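Engineer: One file is attached below, entry21.cif, containing mmCIF, C-alpha atoms and all ligand atoms.
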```cif
data_coords
#
loop_
_atom_site.label_atom_id
_atom_site.label_comp_id
_atom_site.auth_asym_id
_atom_site.auth_seq_id
_atom_site.Cartn_x
_atom_site.Cartn_y
_atom_site.Cartn_z
CA MET T 1 0.00 0.00 0.00
CA ALA T 2 1.23 3.47 -0.86
CA GLU T 3 2.28 5.76 1.94
CA GLN T 4 -0.70 7.66 3.24
CA LYS T 5 -0.40 11.34 2.50
CA ILE T 6 -3.35 12.60 4.47
CA ASP T 7 -4.96 11.86 7.80
CA LEU T 8 -8.13 9.96 7.00
CA ARG T 9 -9.59 10.72 10.41
CA ASN T 10 -10.15 14.28 9.24
CA LEU T 11 -12.13 13.00 6.27
CA LYS T 12 -14.28 10.75 8.40
CA ALA T 13 -15.22 13.65 10.65
CA GLY T 14 -17.18 14.88 7.66
CA GLY T 15 -17.42 18.28 6.06
CA PHE T 16 -15.34 17.42 2.97
CA ILE T 17 -17.47 17.35 -0.17
CA LYS T 18 -16.08 16.18 -3.51
CA GLU T 19 -16.26 18.79 -6.24
CA ARG T 20 -16.37 18.29 -10.01
CA GLY T 21 -12.70 19.08 -10.67
CA LYS T 22 -9.87 16.60 -10.14
CA ASP T 23 -8.60 16.48 -6.53
CA LEU T 24 -10.84 19.36 -5.49
CA PHE T 25 -13.10 19.43 -2.46
CA THR T 26 -15.37 21.88 -0.66
CA VAL T 27 -14.66 22.15 3.05
CA ARG T 28 -17.80 22.97 5.03
CA LEU T 29 -17.14 24.75 8.32
CA ARG T 30 -19.73 24.69 10.98
CA VAL T 31 -21.27 27.87 12.26
CA PRO T 32 -23.93 26.80 14.78
CA GLY T 33 -26.80 29.26 14.85
CA GLY T 34 -25.12 31.27 12.09
CA ARG T 35 -22.92 33.18 14.51
CA LEU T 36 -19.13 33.33 14.63
CA SER T 37 -16.58 35.59 16.22
CA VAL T 38 -14.82 38.15 14.06
CA ASP T 39 -11.51 36.52 15.02
CA ARG T 40 -12.67 33.19 13.66
CA LEU T 41 -14.04 34.87 10.55
CA ALA T 42 -10.65 36.48 9.97
CA LYS T 43 -8.92 33.13 10.47
CA ILE T 44 -11.25 31.45 8.00
CA ALA T 45 -10.64 34.24 5.48
CA GLU T 46 -6.90 33.75 5.84
CA VAL T 47 -7.15 29.98 5.25
CA ALA T 48 -9.57 30.45 2.35
CA GLN T 49 -7.20 32.92 0.73
CA LYS T 50 -4.29 30.54 1.03
CA TYR T 51 -5.93 27.24 0.00
CA GLY T 52 -9.12 28.19 -1.82
CA LYS T 53 -10.18 30.12 -4.88
CA GLY T 54 -10.60 33.60 -3.46
CA TYR T 55 -14.21 33.25 -2.40
CA VAL T 56 -16.32 31.31 0.07
CA HIS T 57 -19.96 30.20 -0.15
CA LEU T 58 -22.50 30.79 2.61
CA SER T 59 -24.63 27.66 2.71
CA VAL T 60 -28.37 27.91 3.24
CA ARG T 61 -27.83 26.23 6.60
CA GLN T 62 -25.49 28.97 7.77
CA SER T 63 -22.22 27.13 7.21
CA ILE T 64 -19.19 28.69 5.54
CA GLU T 65 -17.87 26.59 2.66
CA LEU T 66 -14.29 26.89 1.42
CA ILE T 67 -14.34 26.20 -2.32
CA ASN T 68 -11.73 24.49 -4.50
CA VAL T 69 -9.52 23.06 -1.79
CA ASN T 70 -7.04 20.45 -3.02
CA PHE T 71 -7.25 17.21 -1.05
CA ALA T 72 -3.50 17.28 -0.52
CA ASP T 73 -4.01 20.39 1.63
CA PHE T 74 -6.64 18.86 3.96
CA ASP T 75 -4.29 18.40 6.89
CA ALA T 76 -2.84 21.88 6.53
CA VAL T 77 -6.34 23.41 6.32
CA VAL T 78 -7.52 21.57 9.42
CA ALA T 79 -4.32 22.42 11.31
CA GLU T 80 -4.39 26.08 10.39
CA LEU T 81 -8.03 26.47 11.32
CA GLY T 82 -7.27 24.83 14.65
CA GLU T 83 -9.43 21.73 14.64
CA GLU T 84 -10.71 21.87 18.21
CA GLN T 85 -12.49 25.20 17.84
CA GLN T 86 -13.14 24.92 14.12
CA LYS T 87 -14.66 21.48 13.81
CA VAL T 88 -15.52 20.87 10.23
CA ALA T 89 -19.27 20.49 9.59
CA SER T 90 -20.90 17.17 8.94
CA CYS T 91 -22.45 15.60 5.89
CA GLY T 92 -24.13 12.25 5.62
CA ALA T 93 -26.47 10.43 7.96
CA ARG T 94 -25.69 12.46 11.05
CA VAL T 95 -27.12 15.17 13.25
CA ARG T 96 -26.22 18.34 11.35
CA VAL T 97 -25.14 21.69 12.69
CA PRO T 98 -28.24 23.34 14.16
CA THR T 99 -29.43 26.57 12.56
CA ALA T 100 -31.07 29.46 14.40
CA CYS T 101 -32.18 33.02 13.97
CA GLY T 102 -30.40 35.72 15.95
CA GLY T 103 -33.75 36.58 17.53
CA CYS T 104 -33.50 37.35 21.14
CA GLU T 105 -30.54 39.59 21.64
CA TYR T 106 -31.16 42.33 19.14
CA ASN T 107 -34.49 41.60 17.49
CA PRO T 108 -37.40 42.83 19.60
CA ASN T 109 -39.49 39.89 18.34
CA GLY T 110 -37.30 37.20 19.87
CA LEU T 111 -38.92 35.43 22.79
CA ILE T 112 -36.21 32.96 23.70
CA ASP T 113 -32.44 32.52 23.49
CA THR T 114 -32.17 30.51 20.28
CA GLN T 115 -28.42 31.00 20.07
CA LYS T 116 -27.89 29.37 23.43
CA SER T 117 -30.03 26.39 22.43
CA ALA T 118 -28.22 26.00 19.11
CA LEU T 119 -24.83 25.95 20.83
CA GLU T 120 -26.05 23.39 23.34
CA VAL T 121 -27.35 21.06 20.63
CA ASP T 122 -24.17 21.55 18.63
CA GLU T 123 -22.04 20.66 21.63
CA LYS T 124 -24.04 17.63 22.78
CA LEU T 125 -25.49 16.10 19.61
CA PHE T 126 -23.62 17.34 16.54
CA GLY T 127 -22.36 14.50 14.37
CA THR T 128 -24.35 11.74 16.12
CA ALA T 129 -24.85 8.98 13.55
CA THR T 130 -28.54 8.34 12.89
CA GLY T 131 -27.94 5.08 11.04
CA HIS T 132 -30.42 6.16 8.37
CA HIS T 133 -30.31 9.68 6.98
CA LYS T 134 -29.43 13.26 7.82
CA PHE T 135 -31.10 14.88 10.82
CA LYS T 136 -31.62 18.63 10.96
CA VAL T 137 -32.53 20.83 13.91
CA CYS T 138 -33.47 24.51 13.88
CA PHE T 139 -34.40 27.16 16.44
CA ALA T 140 -36.67 30.12 15.67
CA GLY T 141 -37.11 32.81 18.30
CA CYS T 142 -40.85 33.23 17.74
CA PRO T 143 -43.75 32.00 15.59
CA PHE T 144 -42.66 34.26 12.70
CA ASP T 145 -40.33 31.35 11.99
CA CYS T 146 -37.86 33.23 9.77
CA PRO T 147 -35.33 30.37 9.83
CA LYS T 148 -38.06 27.88 8.74
CA SER T 149 -37.86 25.57 11.73
CA SER T 150 -40.84 23.48 10.69
CA ILE T 151 -39.08 22.05 7.63
CA ASN T 152 -36.45 20.48 9.87
CA ASP T 153 -36.53 17.00 11.40
CA VAL T 154 -37.04 18.75 14.73
CA GLY T 155 -37.99 22.42 14.67
CA PHE T 156 -38.30 24.70 17.69
CA GLN T 157 -40.13 28.02 17.98
CA GLY T 158 -40.04 30.32 20.98
CA ALA T 159 -43.49 30.79 22.57
CA VAL T 160 -45.06 32.74 25.43
CA TRP T 161 -48.39 32.41 27.22
CA PRO T 162 -49.77 35.92 27.84
CA SER T 163 -51.37 36.91 31.12
CA LEU T 164 -53.11 40.22 31.93
CA ASP T 165 -52.77 42.45 34.98
CA ALA T 166 -56.08 44.28 34.56
CA ASP T 167 -55.13 47.02 37.06
CA ALA T 168 -52.21 48.10 34.90
CA CYS T 169 -54.37 48.31 31.75
CA ILE T 170 -55.34 51.79 30.54
CA GLY T 171 -57.80 50.40 27.99
CA CYS T 172 -56.09 51.75 24.87
CA GLY T 173 -57.07 48.74 22.78
CA LEU T 174 -53.66 48.38 21.11
CA CYS T 175 -53.22 44.74 22.11
CA ALA T 176 -56.55 43.69 20.61
CA LYS T 177 -55.74 45.62 17.48
CA SER T 178 -52.30 44.02 17.17
CA CYS T 179 -53.37 40.43 17.69
CA THR T 180 -53.46 39.02 14.16
CA GLU T 181 -55.16 35.83 15.37
CA GLY T 182 -58.27 37.47 16.78
CA ALA T 183 -57.52 36.06 20.23
CA LEU T 184 -58.15 39.43 21.92
CA ALA T 185 -61.30 41.58 21.87
CA MET T 186 -62.05 44.71 23.90
CA ALA T 187 -65.06 44.55 26.25
CA ASP T 188 -65.83 47.26 28.84
CA GLY T 189 -62.48 48.88 28.14
CA LYS T 190 -60.40 45.76 28.85
CA PRO T 191 -59.07 43.03 26.56
CA VAL T 192 -60.69 39.59 26.77
CA PHE T 193 -58.43 36.64 25.96
CA ASP T 194 -59.59 33.66 23.87
CA ALA T 195 -57.04 30.91 24.52
CA GLN T 196 -58.45 28.81 21.66
CA LYS T 197 -57.07 31.27 19.12
CA CYS T 198 -53.71 32.19 20.66
CA ILE T 199 -50.53 31.13 18.83
CA TYR T 200 -48.22 32.31 21.67
CA CYS T 201 -46.51 35.02 19.61
CA GLY T 202 -46.30 37.58 22.41
CA ASP T 203 -47.28 40.53 20.19
CA CYS T 204 -49.74 41.69 22.87
CA ILE T 205 -46.97 41.74 25.48
CA LYS T 206 -44.68 43.72 23.18
CA VAL T 207 -47.25 46.30 22.13
CA CYS T 208 -48.80 47.08 25.51
CA PRO T 209 -47.58 50.55 26.48
CA THR T 210 -48.05 49.97 30.22
CA GLY T 211 -46.71 46.43 30.58
CA ALA T 212 -50.11 45.08 31.62
CA TRP T 213 -49.46 41.88 29.66
CA SER T 214 -46.63 39.61 30.76
CA ALA T 215 -45.44 36.07 30.00
CA ALA T 216 -46.98 33.58 32.42
CA LYS T 217 -44.90 30.82 30.86
CA LYS T 218 -42.27 30.52 28.17
CA GLY T 219 -40.77 27.66 26.17
CA TYR T 220 -40.59 26.00 22.78
CA THR T 221 -43.32 24.88 20.42
CA VAL T 222 -41.86 21.73 18.85
CA ARG T 223 -42.66 20.35 15.41
CA ILE T 224 -41.27 17.08 14.08
CA GLY T 225 -40.87 15.37 10.72
CA GLY T 226 -40.18 18.26 8.35
CA LYS T 227 -37.73 18.31 5.46
CA TRP T 228 -37.33 20.06 2.12
CA GLY T 229 -35.72 18.68 -1.02
CA ARG T 230 -37.47 16.78 -3.79
CA ARG T 231 -40.42 15.65 -1.67
CA PRO T 232 -41.06 18.36 0.91
CA LEU T 233 -42.81 17.75 4.23
CA VAL T 234 -43.78 20.25 6.90
CA GLY T 235 -43.33 19.00 10.44
CA THR T 236 -46.30 18.77 12.80
CA LEU T 237 -46.88 19.60 16.45
CA TYR T 238 -45.59 17.32 19.22
CA ALA T 239 -44.96 19.59 22.20
CA THR T 240 -45.77 23.04 23.55
CA PHE T 241 -43.90 25.14 26.13
CA LEU T 242 -41.01 22.70 26.29
CA PRO T 243 -38.51 24.32 28.69
CA GLU T 244 -35.32 25.54 26.98
CA GLU T 245 -33.11 23.34 29.14
CA ARG T 246 -34.90 20.20 27.96
CA ALA T 247 -34.42 20.75 24.21
CA VAL T 248 -31.33 18.53 23.94
CA ASP T 249 -32.98 15.61 25.78
CA PHE T 250 -36.08 15.99 23.65
CA ILE T 251 -34.07 15.75 20.42
CA ALA T 252 -32.21 12.74 21.81
CA ALA T 253 -35.55 11.02 22.50
CA VAL T 254 -36.74 11.70 18.94
CA LEU T 255 -33.44 10.32 17.61
CA ALA T 256 -33.80 7.14 19.67
CA TRP T 257 -37.26 6.55 18.17
CA TYR T 258 -35.94 7.22 14.65
CA GLN T 259 -32.96 4.92 15.11
CA GLU T 260 -35.24 2.09 16.23
CA LYS T 261 -38.15 2.52 13.82
CA ALA T 262 -36.09 3.13 10.69
CA GLU T 263 -34.08 -0.06 11.22
CA GLY T 264 -33.62 -1.69 7.83
CA ALA T 265 -35.45 1.09 5.96
CA GLY T 266 -32.28 2.49 4.36
CA ARG T 267 -31.86 6.20 3.64
CA VAL T 268 -35.25 7.44 4.77
CA ARG T 269 -35.86 10.74 6.59
CA LEU T 270 -37.68 10.89 9.91
CA GLY T 271 -40.86 12.40 8.40
CA ASP T 272 -41.33 9.46 6.05
CA ILE T 273 -40.81 7.02 8.93
CA ILE T 274 -43.52 8.85 10.91
CA ILE T 275 -45.86 8.54 7.93
CA ARG T 276 -45.11 4.81 7.80
CA GLU T 277 -45.29 4.12 11.56
CA GLY T 278 -48.07 6.55 12.43
CA CYS T 279 -47.63 9.59 14.68
CA GLN T 280 -49.21 7.89 17.72
CA SER T 281 -46.13 5.72 18.21
CA LEU T 282 -43.84 8.77 18.40
CA LEU T 283 -46.30 10.65 20.65
CA ASP T 284 -46.39 7.72 23.09
CA HIS T 285 -42.62 7.40 23.05
CA LEU T 286 -42.13 11.11 23.84
CA ARG T 287 -44.85 11.18 26.48
CA ARG T 288 -42.81 8.84 28.68
CA ASP T 289 -40.27 11.55 29.52
CA PHE T 290 -42.05 14.75 28.52
CA ALA T 291 -45.58 14.15 29.77
CA GLY T 292 -46.49 17.72 30.68
CA PHE T 293 -45.46 19.10 27.31
CA VAL T 294 -46.44 16.54 24.68
CA VAL T 295 -49.74 17.32 22.96
CA ALA T 296 -52.73 14.97 23.18
CA GLU T 297 -52.84 14.28 19.47
CA THR T 298 -51.23 15.33 16.24
CA VAL T 299 -51.33 14.75 12.47
CA PRO T 300 -48.76 13.16 10.13
CA PRO T 301 -46.14 15.41 8.49
CA GLN T 302 -47.87 17.56 5.88
CA VAL T 303 -47.02 16.67 2.31
CA ILE T 304 -46.36 19.67 0.07
CA VAL T 305 -47.70 19.10 -3.41
CA ASN T 306 -44.94 20.38 -5.71
CA GLN T 307 -46.75 19.53 -8.95
CA ILE T 308 -43.92 17.69 -10.69
CA PRO T 309 -44.15 15.36 -12.53
CA LEU T 310 -46.93 16.94 -14.56
CA PRO T 311 -50.01 14.77 -14.71
CA GLY T 312 -50.93 13.26 -18.06
CA GLN T 313 -47.49 13.79 -19.55
CA ALA T 314 -46.96 11.47 -22.49
CA MET V 1 -51.02 71.55 28.48
CA GLN V 2 -48.42 71.18 25.77
CA THR V 3 -49.38 69.13 22.72
CA ILE V 4 -46.64 67.66 20.54
CA ASP V 5 -47.89 66.61 17.13
CA LEU V 6 -45.89 63.69 15.78
CA ARG V 7 -48.36 62.77 13.05
CA GLY V 8 -46.70 62.22 9.69
CA VAL V 9 -43.35 61.44 11.34
CA THR V 10 -42.13 57.86 10.90
CA CYS V 11 -40.29 55.53 13.28
CA PRO V 12 -37.80 55.97 14.78
CA THR V 13 -37.68 59.74 14.10
CA ASN V 14 -40.94 60.27 16.02
CA PHE V 15 -39.49 58.67 19.14
CA VAL V 16 -36.27 60.70 18.94
CA MET V 17 -38.32 63.91 18.51
CA ALA V 18 -40.48 63.01 21.50
CA LYS V 19 -37.35 62.41 23.56
CA LEU V 20 -35.84 65.78 22.57
CA GLU V 21 -39.10 67.62 23.36
CA LEU V 22 -39.26 65.97 26.78
CA GLU V 23 -35.73 67.17 27.60
CA ASP V 24 -37.04 70.74 27.90
CA ILE V 25 -40.00 69.82 30.09
CA GLU V 26 -39.99 69.60 33.87
CA ALA V 27 -40.48 66.24 35.60
CA GLY V 28 -44.05 65.69 36.78
CA THR V 29 -45.54 67.75 33.93
CA THR V 30 -48.30 66.22 31.81
CA VAL V 31 -47.82 66.34 28.03
CA GLU V 32 -49.92 65.19 25.10
CA PHE V 33 -48.51 63.50 21.98
CA LEU V 34 -50.41 62.92 18.75
CA LEU V 35 -49.34 59.72 17.02
CA ASP V 36 -50.26 57.99 13.79
CA ASP V 37 -51.97 54.61 13.84
CA GLY V 38 -49.83 51.58 12.93
CA GLU V 39 -46.13 51.33 13.80
CA PRO V 40 -45.90 54.75 15.52
CA VAL V 41 -48.58 54.00 18.12
CA LYS V 42 -47.24 50.47 18.62
CA ASN V 43 -43.70 51.64 19.29
CA VAL V 44 -43.53 55.19 20.66
CA PRO V 45 -45.64 54.81 23.85
CA ARG V 46 -43.81 51.64 24.88
CA SER V 47 -40.39 53.17 24.21
CA LEU V 48 -41.30 56.29 26.23
CA LYS V 49 -42.37 54.08 29.10
CA ASP V 50 -39.04 52.27 28.92
CA GLU V 51 -37.39 55.68 29.33
CA GLY V 52 -39.09 56.12 32.68
CA HIS V 53 -42.14 58.25 31.85
CA LYS V 54 -45.62 57.47 33.13
CA LEU V 55 -48.37 56.71 30.62
CA LEU V 56 -51.69 58.16 31.76
CA GLY V 57 -53.85 57.35 28.74
CA LEU V 58 -53.93 56.45 25.08
CA LYS V 59 -57.06 57.10 23.04
CA GLU V 60 -57.96 56.76 19.39
CA GLN V 61 -59.95 59.41 17.55
CA ASP V 62 -60.32 60.23 13.84
CA GLY V 63 -57.67 57.71 12.85
CA TYR V 64 -54.87 58.89 15.15
CA TYR V 65 -53.95 58.40 18.80
CA THR V 66 -53.54 60.84 21.67
CA LEU V 67 -51.02 59.77 24.26
CA LEU V 68 -51.18 61.41 27.67
CA LEU V 69 -47.90 61.19 29.53
CA GLU V 70 -46.36 62.45 32.75
CA LYS V 71 -42.67 63.18 32.48
CA GLY V 72 -40.62 60.99 34.81
CA ALA V 73 -37.63 62.05 36.90
CA ASP V 74 -34.25 61.72 35.14
C1 LIG O 1 -23.78 13.81 -1.68
C2 LIG O 1 -24.90 14.43 -1.86
C3 LIG O 1 -25.15 15.84 -1.41
C4 LIG O 1 -24.30 16.89 -1.33
C5 LIG O 1 -22.83 16.95 -1.67
C6 LIG O 1 -25.08 17.99 -0.82
C7 LIG O 1 -24.57 19.24 -0.59
C8 LIG O 1 -25.33 20.29 -0.14
C9 LIG O 1 -24.85 21.63 0.00
C10 LIG O 1 -23.46 22.10 -0.40
C11 LIG O 1 -25.87 22.40 0.49
C12 LIG O 1 -25.83 23.88 0.79
C13 LIG O 1 -26.29 24.57 -0.47
C14 LIG O 1 -26.22 26.06 -0.47
O1 LIG O 1 -26.27 26.70 0.58
O2 LIG O 1 -26.13 26.63 -1.56
C15 LIG O 1 -27.00 21.53 0.67
C16 LIG O 1 -28.22 21.91 1.13
C17 LIG O 1 -29.32 21.14 1.09
N1 LIG O 1 -29.40 19.80 0.75
FE1 LIG O 1 -27.87 18.70 0.06
N2 LIG O 1 -26.38 17.58 -0.63
C18 LIG O 1 -26.45 16.28 -0.98
C19 LIG O 1 -27.55 15.48 -0.95
C20 LIG O 1 -28.82 15.92 -0.61
C21 LIG O 1 -29.99 15.09 -0.67
C22 LIG O 1 -30.03 13.66 -1.09
C23 LIG O 1 -31.02 15.87 -0.28
C24 LIG O 1 -32.50 15.57 -0.14
C25 LIG O 1 -32.98 14.38 0.10
C26 LIG O 1 -30.49 17.17 0.03
C27 LIG O 1 -31.22 18.22 0.48
C28 LIG O 1 -30.70 19.43 0.77
C29 LIG O 1 -31.51 20.54 1.16
C30 LIG O 1 -33.02 20.54 1.33
C31 LIG O 1 -30.64 21.61 1.36
C32 LIG O 1 -30.97 23.04 1.73
C33 LIG O 1 -31.70 23.21 2.95
C34 LIG O 1 -31.16 22.49 4.12
O3 LIG O 1 -29.94 22.34 4.23
O4 LIG O 1 -31.97 22.06 4.93
N3 LIG O 1 -29.13 17.15 -0.18
N4 LIG O 1 -26.65 20.24 0.28
S1 LIG O 2 -38.19 33.97 14.04
FE1 LIG O 2 -38.88 35.63 15.38
S2 LIG O 2 -37.13 35.99 16.70
FE2 LIG O 2 -36.35 34.87 14.95
S3 LIG O 2 -35.66 36.42 13.49
FE3 LIG O 2 -37.79 35.90 12.98
S4 LIG O 2 -39.01 37.44 14.08
FE4 LIG O 2 -36.96 37.44 15.02
S1 LIG O 3 -49.81 35.93 22.17
FE1 LIG O 3 -50.18 36.59 20.05
S2 LIG O 3 -51.94 35.36 19.42
FE2 LIG O 3 -51.85 35.24 21.64
S3 LIG O 3 -53.21 36.86 22.37
FE3 LIG O 3 -51.15 37.73 22.29
S4 LIG O 3 -51.01 38.68 20.27
FE4 LIG O 3 -52.77 37.30 20.21
S1 LIG O 4 -52.39 47.27 25.18
FE1 LIG O 4 -52.17 47.11 27.39
S2 LIG O 4 -53.08 48.99 28.15
FE2 LIG O 4 -53.78 48.77 26.05
S3 LIG O 4 -55.74 47.67 26.21
FE3 LIG O 4 -54.16 46.12 25.92
S4 LIG O 4 -53.59 45.53 28.01
FE4 LIG O 4 -54.70 47.44 28.18
#
```
Can the structure in the file be given as structure tokens, please?
Ligand code: HEM
Ligand code: SF4
Ligand code: SF4
Ligand code: SF4

Structural biologist:
Amino acid sequence: MAEQKIDLRNLKAGGFIKERGKDLFTVRLRVPGGRLSVDRLAKIAEVAQKYGKGYVHLSVRQSIELINVNFADFDAVVAELGEEQQKVASCGARVRVPTACGGCEYNPNGLIDTQKSALEVDEKLFGTATGHHKFKVCFAGCPFDCPKSSINDVGFQGAVWPSLDADACIGCGLCAKSCTEGALAMADGKPVFDAQKCIYCGDCIKVCPTGAWSAAKKGYTVRIGGKWGRRPLVGTLYATFLPEERAVDFIAAVLAWYQEKAEGAGRVRLGDIIIREGCQSLLDHLRRDFAGFVVAETVPPQVIVNQIPLPGQA
Amino acid sequence: MQTIDLRGVTCPTNFVMAKLELEDIEAGTTVEFLLDDGEPVKNVPRSLKDEGHKLLGLKEQDGYYTLLLEKGAD
């Protein structure tokens, strides 16, 4: 056997994607939650300048991809990036780098610290082999869902349950006017709350000029079984007001179910396994450890009709 | 009572103008602001409260809002 020129362990860690050209690879660097320090950014720029083609690509899942890296330079690239802090991102049938919006810190809409959750998931679950297919996790700070959490295998959205201090209310009617869901109506100069219509967005809390509304509880709305690609699915509801600190355990429980139920199914995403096994099985599995948060019932992942192939095509 | 008309002024200019006006007013004084419906009325009252002023009332008439506010201590 010829002398090995590169350390294959680096390759196995994932993040190296074969390009069209001879010997050329894309190196995908993980950026959990889409946030990185300026120092790291500068370091990446330096390495990209030296080993790449003068540009990088920002992946739709917030990774930075170095383009046109020669495989002979793998070890040098990994060494110069400093592998411990700059772990290369994964490909294949593994838990991928979680994505997240920057919500809470600077966006007034953010209800929850998505960045903290993304880092936690990255630290504890990134790269876990699923045995079947890729597994994507995403955190959105509120029901606006800018980062599209519900098309991930597990998608989280920050949520708040509003509660009124009637004495602090000056009856301006702004909250009722702002509630897009029609969950608030003014009666005798005070807002009346209809819990059946509330989507936990917190707009009422934000708009109230006197602070009469506040969050009685806070947590994540969790949807499972989404994906995009050729056959898109939108994930459906499994839990409400899941506490932030239980997100990692919740994902691990979903993974355990997936690993077991997809046995022998080959490269099949979680959503398709739920469609095959029925959502009741996953609900029951999750209820064991997350009883107070798992919903009573749900529906299978929602199939998006993308209209190709065209019907009746000869 | 002083009335400050901020109608026709968009966010965040309206808030900055309100803040500058309040600088010349003594703490404890009641002032009235006129604000457009939409983003202005959703943002300005809340931001003024965050600055330590007391909101006494907010009423809609003829498509705009009147905010009654007591200037807080610095
Ligand atoms: C070896 C095969 C594959 C490679 C090298 C690959 C590579 C990539 C790359 C580079 C991106 C980022 C694109 C960008 O930001 O411009 C990406 C995103 C994506 N890939 Fe793949 N991919 C592969 C297979 C697949 C398969 C089989 C599916 C679907 C079943 C898929 C679904 C997606 C989707 C939906 C995205 C964008 C959204 C997201 O990441 O969730 N990919 N892939
Ligand atoms: S999902 Fe909500 S918190 Fe996140 S960026 Fe969008 S509006 Fe802001
Ligand atoms: S949280 Fe959102 S949906 Fe619920 S009452 Fe408030 S504004 Fe309406
Ligand atoms: S926005 Fe606040 S003060 Fe105005 S009606 Fe609603 S609860 Fe009362």

Engineer: Quick check: residues of chain V within 10 Å of chain T, all atoms listed in the file, returned as a list in words.

Structural biologist: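 Per the criterion, chain V yields Asp37, Gly38, Glu39, Val41, Lys42, Asn43, Val44, Pro45, Arg46, Ser47, Leu48, Lys49, Asp50, Lys54, Leu55, Leu56, Gly57, Leu58, Lys59, Glu60, Tyr65, Thr66 and Leu67 of chain V.
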
Engineer: Please check which protein, DNA or RNA residues sit within 12 Å of ligand LIG 2 (chain O), counting all atoms listed in the file, and write them as a PDB file with C-alpha atoms, keeping the file's coordinate frame.

Structural biologist:
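Dumped to pocket_26.pdb:
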```pdb
ATOM      1  CA  GLY T  33     -26.800  29.260  14.850  1.00  0.00           C
ATOM      2  CA  GLY T  34     -25.120  31.270  12.090  1.00  0.00           C
ATOM      3  CA  THR T  99     -29.430  26.570  12.560  1.00  0.00           C
ATOM      4  CA  ALA T 100     -31.070  29.460  14.400  1.00  0.00           C
ATOM      5  CA  CYS T 101     -32.180  33.020  13.970  1.00  0.00           C
ATOM      6  CA  GLY T 102     -30.400  35.720  15.950  1.00  0.00           C
ATOM      7  CA  GLY T 103     -33.750  36.580  17.530  1.00  0.00           C
ATOM      8  CA  CYS T 104     -33.500  37.350  21.140  1.00  0.00           C
ATOM      9  CA  GLU T 105     -30.540  39.590  21.640  1.00  0.00           C
ATOM     10  CA  TYR T 106     -31.160  42.330  19.140  1.00  0.00           C
ATOM     11  CA  ASN T 107     -34.490  41.600  17.490  1.00  0.00           C
ATOM     12  CA  PRO T 108     -37.400  42.830  19.600  1.00  0.00           C
ATOM     13  CA  ASN T 109     -39.490  39.890  18.340  1.00  0.00           C
ATOM     14  CA  GLY T 110     -37.300  37.200  19.870  1.00  0.00           C
ATOM     15  CA  LEU T 111     -38.920  35.430  22.790  1.00  0.00           C
ATOM     16  CA  ILE T 112     -36.210  32.960  23.700  1.00  0.00           C
ATOM     17  CA  ASP T 113     -32.440  32.520  23.490  1.00  0.00           C
ATOM     18  CA  THR T 114     -32.170  30.510  20.280  1.00  0.00           C
ATOM     19  CA  GLN T 115     -28.420  31.000  20.070  1.00  0.00           C
ATOM     20  CA  CYS T 138     -33.470  24.510  13.880  1.00  0.00           C
ATOM     21  CA  PHE T 139     -34.400  27.160  16.440  1.00  0.00           C
ATOM     22  CA  ALA T 140     -36.670  30.120  15.670  1.00  0.00           C
ATOM     23  CA  GLY T 141     -37.110  32.810  18.300  1.00  0.00           C
ATOM     24  CA  CYS T 142     -40.850  33.230  17.740  1.00  0.00           C
ATOM     25  CA  PRO T 143     -43.750  32.000  15.590  1.00  0.00           C
ATOM     26  CA  PHE T 144     -42.660  34.260  12.700  1.00  0.00           C
ATOM     27  CA  ASP T 145     -40.330  31.350  11.990  1.00  0.00           C
ATOM     28  CA  CYS T 146     -37.860  33.230   9.770  1.00  0.00           C
ATOM     29  CA  PRO T 147     -35.330  30.370   9.830  1.00  0.00           C
ATOM     30  CA  LYS T 148     -38.060  27.880   8.740  1.00  0.00           C
ATOM     31  CA  SER T 149     -37.860  25.570  11.730  1.00  0.00           C
ATOM     32  CA  SER T 150     -40.840  23.480  10.690  1.00  0.00           C
ATOM     33  CA  GLY T 155     -37.990  22.420  14.670  1.00  0.00           C
ATOM     34  CA  PHE T 156     -38.300  24.700  17.690  1.00  0.00           C
ATOM     35  CA  GLN T 157     -40.130  28.020  17.980  1.00  0.00           C
ATOM     36  CA  GLY T 158     -40.040  30.320  20.980  1.00  0.00           C
ATOM     37  CA  ALA T 159     -43.490  30.790  22.570  1.00  0.00           C
ATOM     38  CA  TYR T 200     -48.220  32.310  21.670  1.00  0.00           C
ATOM     39  CA  CYS T 201     -46.510  35.020  19.610  1.00  0.00           C
ATOM     40  CA  GLY T 202     -46.300  37.580  22.410  1.00  0.00           C
ATOM     41  CA  ASP T 203     -47.280  40.530  20.190  1.00  0.00           C
TER      42      ASP T 203
END
```

Engineer: Would you mind listing what lies within 10 Å of V:Asn14 as a list in words, with all atoms listed in the file counted and same-chain residues fewer than 6 positions away left out?

Structural biologist: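 The residues that qualify are Asp5, Leu6, Arg7, Gly8, Leu20, Leu35, Asp36, Pro40, Asn43 and Val44 of chain V.
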
Engineer: Taking only C-alpha atoms and all ligand atoms into account, report as a ChimeraX atom specification which residues have an atom no farther than 10 Å from an atom of ligand LIG 3 (chain O).

Structural biologist: /T:143,159-163,175-185,191-207,213-215

Engineer: My list of candidates is T:Asp75, T:Asp188, T:Asp272, T:Asp122. Which is closest to ligand LIG 1 (chain O) when distances are computed with only C-alpha atoms and all ligand atoms?

Structural biologist: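 Of T:Asp75, T:Asp188, T:Asp272, T:Asp122, the one nearest ligand LIG 1 (chain O), counting only C-alpha atoms and all ligand atoms, is T:Asp272.
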